[in-house]
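What follows is the content of protein.pdb (PDB, C-alpha atoms, pLDDT in the B column).
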```
ATOM      1  CA  MET I   7       0.000   0.000   0.000  1.00 73.00           C
ATOM      2  CA  VAL I   8       2.939   2.317   0.660  1.00 81.00           C
ATOM      3  CA  PHE I   9       4.065   1.783  -2.926  1.00 82.00           C
ATOM      4  CA  TRP I  10       0.608   2.741  -4.214  1.00 78.00           C
ATOM      5  CA  PHE I  11       0.664   6.019  -2.256  1.00 83.00           C
ATOM      6  CA  PHE I  12       4.139   6.773  -3.605  1.00 87.00           C
ATOM      7  CA  LEU I  13       2.929   6.075  -7.148  1.00 86.00           C
ATOM      8  CA  PHE I  14      -0.169   8.195  -6.514  1.00 86.00           C
ATOM      9  CA  PHE I  15       1.961  11.162  -5.429  1.00 89.00           C
ATOM     10  CA  CYS I  16       4.456  10.795  -8.292  1.00 88.00           C
ATOM     11  CA  SER I  17       1.727  10.365 -10.907  1.00 88.00           C
ATOM     12  CA  LEU I  18      -0.078  13.525  -9.822  1.00 92.00           C
ATOM     13  CA  LEU I  19       3.083  15.659 -10.046  1.00 92.00           C
ATOM     14  CA  ILE I  20       2.858  15.996 -13.825  1.00 93.00           C
ATOM     15  CA  PRO I  21      -0.827  17.044 -14.035  1.00 95.00           C
ATOM     16  CA  ALA I  22      -0.130  19.431 -11.150  1.00 95.00           C
ATOM     17  CA  THR I  23       2.817  20.832 -13.103  1.00 93.00           C
ATOM     18  CA  PHE I  24       0.623  21.257 -16.180  1.00 95.00           C
ATOM     19  CA  LEU I  25      -2.042  23.094 -14.187  1.00 96.00           C
ATOM     20  CA  GLY I  26       0.275  25.195 -12.020  1.00 94.00           C
ATOM     21  CA  THR I  27       2.669  26.240 -14.758  1.00 92.00           C
ATOM     22  CA  GLY I  28      -0.160  26.721 -17.241  1.00 93.00           C
ATOM     23  CA  TRP I  29      -1.996  28.998 -14.832  1.00 94.00           C
ATOM     24  CA  TYR I  30       1.177  30.938 -14.005  1.00 92.00           C
ATOM     25  CA  PHE I  31       2.288  31.401 -17.624  1.00 90.00           C
ATOM     26  CA  THR I  32      -1.114  32.681 -18.756  1.00 90.00           C
ATOM     27  CA  ARG I  33      -1.238  35.293 -15.982  1.00 89.00           C
ATOM     28  CA  HIS I  34       2.391  36.163 -15.180  1.00 86.00           C
ATOM     29  CA  THR I  35       4.627  35.879 -18.216  1.00 79.00           C
ATOM     30  CA  PRO I  36       8.188  35.317 -17.025  1.00 78.00           C
ATOM     31  CA  GLY I  37      10.687  37.714 -18.560  1.00 72.00           C
ATOM     32  CA  ARG I  38      13.557  36.576 -20.753  1.00 70.00           C
ATOM     33  CA  GLY I  39      15.971  36.890 -17.830  1.00 71.00           C
ATOM     34  CA  SER I  40      13.906  34.944 -15.296  1.00 74.00           C
ATOM     35  CA  ALA I  41      14.943  31.571 -13.903  1.00 75.00           C
ATOM     36  CA  PHE I  42      12.291  29.636 -15.818  1.00 79.00           C
ATOM     37  CA  GLY I  43       9.996  29.999 -18.797  1.00 79.00           C
ATOM     38  CA  TYR I  44       9.570  28.833 -22.367  1.00 83.00           C
ATOM     39  CA  ARG I  45      13.038  29.149 -23.925  1.00 82.00           C
ATOM     40  CA  THR I  46      13.759  28.487 -27.588  1.00 83.00           C
ATOM     41  CA  PRO I  47      15.846  30.570 -29.996  1.00 82.00           C
ATOM     42  CA  LEU I  48      12.813  32.321 -31.541  1.00 83.00           C
ATOM     43  CA  SER I  49      11.024  32.964 -28.243  1.00 82.00           C
ATOM     44  CA  SER I  50      14.206  34.520 -26.864  1.00 79.00           C
ATOM     45  CA  LYS I  51      14.554  37.061 -29.701  1.00 82.00           C
ATOM     46  CA  SER I  52      12.171  39.623 -28.192  1.00 86.00           C
ATOM     47  CA  ASP I  53      10.048  40.254 -25.119  1.00 84.00           C
ATOM     48  CA  LEU I  54       6.916  40.127 -27.274  1.00 88.00           C
ATOM     49  CA  ALA I  55       7.810  36.703 -28.719  1.00 87.00           C
ATOM     50  CA  ASN I  56       8.670  35.457 -25.223  1.00 87.00           C
ATOM     51  CA  ALA I  57       5.349  36.651 -23.824  1.00 88.00           C
ATOM     52  CA  PHE I  58       3.450  35.094 -26.735  1.00 90.00           C
ATOM     53  CA  ALA I  59       5.222  31.738 -26.359  1.00 90.00           C
ATOM     54  CA  CYS I  60       4.725  31.586 -22.596  1.00 90.00           C
ATOM     55  CA  GLN I  61       1.044  32.468 -22.849  1.00 92.00           C
ATOM     56  CA  TYR I  62       0.505  30.005 -25.699  1.00 94.00           C
ATOM     57  CA  ILE I  63       2.132  27.062 -23.956  1.00 93.00           C
ATOM     58  CA  GLY I  64       0.470  28.142 -20.709  1.00 93.00           C
ATOM     59  CA  ARG I  65      -2.971  27.794 -22.312  1.00 94.00           C
ATOM     60  CA  LEU I  66      -1.978  24.419 -23.785  1.00 95.00           C
ATOM     61  CA  TRP I  67      -0.679  23.133 -20.459  1.00 95.00           C
ATOM     62  CA  TRP I  68      -3.761  24.382 -18.588  1.00 96.00           C
ATOM     63  CA  ILE I  69      -6.073  22.478 -20.964  1.00 96.00           C
ATOM     64  CA  ILE I  70      -3.870  19.375 -20.907  1.00 96.00           C
ATOM     65  CA  GLY I  71      -3.753  19.528 -17.110  1.00 95.00           C
ATOM     66  CA  LEU I  72      -7.541  19.688 -16.932  1.00 96.00           C
ATOM     67  CA  VAL I  73      -7.700  16.547 -19.086  1.00 95.00           C
ATOM     68  CA  SER I  74      -4.786  14.626 -17.581  1.00 94.00           C
ATOM     69  CA  LEU I  75      -5.739  15.141 -13.927  1.00 94.00           C
ATOM     70  CA  PRO I  76      -9.012  13.169 -14.076  1.00 95.00           C
ATOM     71  CA  VAL I  77      -7.451  10.547 -16.380  1.00 92.00           C
ATOM     72  CA  THR I  78      -4.621  10.062 -13.891  1.00 92.00           C
ATOM     73  CA  LEU I  79      -6.975   9.940 -10.906  1.00 92.00           C
ATOM     74  CA  ILE I  80      -9.276   7.411 -12.592  1.00 92.00           C
ATOM     75  CA  THR I  81      -6.313   5.233 -13.589  1.00 88.00           C
ATOM     76  CA  LEU I  82      -4.916   5.288 -10.066  1.00 86.00           C
ATOM     77  CA  ILE I  83      -8.286   4.543  -8.464  1.00 88.00           C
ATOM     78  CA  VAL I  84      -8.768   1.595 -10.832  1.00 88.00           C
ATOM     79  CA  LEU I  85      -5.316   0.322  -9.865  1.00 84.00           C
ATOM     80  CA  LEU I  86      -6.271   0.602  -6.193  1.00 84.00           C
ATOM     81  CA  VAL I  87      -9.584  -1.202  -6.686  1.00 87.00           C
ATOM     82  CA  LEU I  88      -8.029  -4.009  -8.745  1.00 87.00           C
ATOM     83  CA  GLN I  89      -5.351  -4.595  -6.084  1.00 84.00           C
ATOM     84  CA  LEU I  90      -2.773  -5.699  -8.655  1.00 83.00           C
ATOM     85  CA  ASP I  91       0.709  -6.767  -7.579  1.00 86.00           C
ATOM     86  CA  GLU I  92       3.372  -4.080  -7.176  1.00 84.00           C
ATOM     87  CA  ASP I  93       5.175  -4.946 -10.418  1.00 88.00           C
ATOM     88  CA  THR I  94       2.060  -4.576 -12.555  1.00 87.00           C
ATOM     89  CA  THR I  95       0.993  -1.438 -10.713  1.00 86.00           C
ATOM     90  CA  GLY I  96       4.472   0.006 -11.132  1.00 87.00           C
ATOM     91  CA  TRP I  97       4.551  -0.729 -14.864  1.00 92.00           C
ATOM     92  CA  ILE I  98       1.130   0.822 -15.433  1.00 90.00           C
ATOM     93  CA  GLY I  99       1.939   3.850 -13.280  1.00 88.00           C
ATOM     94  CA  GLY I 100       5.348   4.271 -14.903  1.00 90.00           C
ATOM     95  CA  GLY I 101       3.771   4.031 -18.340  1.00 92.00           C
ATOM     96  CA  LEU I 102       1.286   6.729 -17.367  1.00 91.00           C
ATOM     97  CA  ILE I 103       4.100   9.013 -16.174  1.00 91.00           C
ATOM     98  CA  ILE I 104       6.109   8.413 -19.359  1.00 93.00           C
ATOM     99  CA  LEU I 105       3.043   9.136 -21.493  1.00 93.00           C
ATOM    100  CA  GLU I 106       2.460  12.410 -19.642  1.00 93.00           C
ATOM    101  CA  CYS I 107       6.113  13.399 -20.127  1.00 93.00           C
ATOM    102  CA  ILE I 108       5.844  12.670 -23.855  1.00 95.00           C
ATOM    103  CA  VAL I 109       2.739  14.868 -24.040  1.00 94.00           C
ATOM    104  CA  MET I 110       4.667  17.625 -22.249  1.00 92.00           C
ATOM    105  CA  LEU I 111       7.447  17.443 -24.847  1.00 93.00           C
ATOM    106  CA  ILE I 112       5.023  17.321 -27.783  1.00 95.00           C
ATOM    107  CA  THR I 113       3.530  20.671 -26.714  1.00 94.00           C
ATOM    108  CA  ILE I 114       6.721  22.313 -27.939  1.00 92.00           C
ATOM    109  CA  LEU I 115       5.702  21.618 -31.559  1.00 95.00           C
ATOM    110  CA  PRO I 116       2.430  23.614 -31.699  1.00 95.00           C
ATOM    111  CA  THR I 117       4.041  26.410 -29.700  1.00 93.00           C
ATOM    112  CA  GLU I 118       6.929  26.692 -32.154  1.00 93.00           C
ATOM    113  CA  LEU I 119       4.553  26.554 -35.120  1.00 94.00           C
ATOM    114  CA  ALA I 120       2.489  29.366 -33.596  1.00 93.00           C
ATOM    115  CA  LEU I 121       5.663  31.402 -33.016  1.00 91.00           C
ATOM    116  CA  HIS I 122       6.748  30.937 -36.637  1.00 91.00           C
ATOM    117  CA  ARG I 123       3.266  31.917 -37.879  1.00 91.00           C
ATOM    118  CA  ASN I 124       3.222  35.103 -35.794  1.00 91.00           C
ATOM    119  CA  PHE I 125       6.865  36.250 -35.660  1.00 89.00           C
ATOM    120  CA  ASN I 126       9.722  36.809 -38.097  1.00 88.00           C
ATOM    121  CA  LYS I 127      13.103  35.164 -37.541  1.00 87.00           C
ATOM    122  CA  ASP I 128      14.355  38.261 -35.740  1.00 84.00           C
ATOM    123  CA  GLY I 129      11.468  38.167 -33.231  1.00 81.00           C
ATOM    124  CA  THR I 130       9.439  41.021 -34.712  1.00 81.00           C
ATOM    125  CA  PRO I 131       5.708  40.418 -35.180  1.00 85.00           C
ATOM    126  CA  ARG I 132       4.557  39.505 -38.655  1.00 80.00           C
ATOM    127  CA  GLY I 133       2.231  41.920 -40.389  1.00 73.00           C
ATOM    128  CA  PRO I 134      -1.187  40.871 -41.685  1.00 70.00           C
ATOM    129  CA  GLU I 135       0.102  40.686 -45.282  1.00 62.00           C
ATOM    130  CA  GLU I 136       3.084  38.400 -44.533  1.00 56.00           C
TER     131      GLU I 136
END
```

If you took the structure in this file and wrote it as structure tokens, what would it be?
Amino acid sequence: MVFWFFLFFCSLLIPATFLGTGWYFTRHTPGRGSAFGYRTPLSSKSDLANAFACQYIGRLWWIIGLVSLPVTLITLIVLLVLQLDEDTTGWIGGGLIILECIVMLITILPTELALHRNFNKDGTPRGPEE
């Protein structure tokens, strides 16, 4: 049972990160010099591109967090009800954590595409005719 509680805590860290960081980025855009934030070459070109990227990925992570939290909770409750052995529970929980990490990495792609649609290579906003 101790293992299940450990898995429960670890599995909820990623949805909590999605929700917490998503909420923070949509309301308080970290500056380019802050300790954390969305950092890619294009988002670092200007404060406007940085703010856009942080708000964009913040909205994505907020929505993903709202979806992944109940999915994670339901999966963990099912694991508790089924009373599977620790190995099986660990594999399923680990797979869930890996899947959530993959989703976190995949969110970079739509954010970068949105940056390239809205900003030039030097970080200046694109005009309506570009």

Shell of 8 Å around stretch 25-39 of chain I, all atoms listed in the file, local chain residues under 5 positions omitted, as number ranges by chain: I: 50, 53, 56-57, 60-72

Give as a count of residues only the residues that the PyMOL selection byres ((chain I and resi 93-96) around 12) matches when applied to the coordinates above. 29

Closest to I:Ser52 among I:Phe125, I:Ile114, I:Ser74, I:Arg132, using all atoms listed in the file? I:Phe125

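For I:Pro131, the list of residues within 10 Å, based on only C-alpha atoms and with local chain neighbours fewer than 6 positions off taken out, reads I:Ser52, I:Leu54, I:Ala55, I:Leu121, I:His122, I:Arg123, I:Asn124, I:Phe125.
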
In terms of the shortest atom-to-atom distance over all atoms listed in the file, which of I:Ala59, I:Leu75, I:Ala120, I:Cys107 is closest to I:Ala22? I:Leu75

Nearest to I:Lys127: which of I:Val8, I:Val73, I:Leu48, I:Ile108 is it, counting only C-alpha atoms? I:Leu48

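Atom CA of I:Val109 is positioned 14.0 Å from atom CA of I:Leu19.
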
Point-to-point distance in Å for atom CA of I:Phe42 and atom CA of I:Asn126: 23.5 Å

Can you tell me how far atom CA of I:Pro21 sits from atom CA of I:Ser49, in Å to one decimal? 24.4 Å
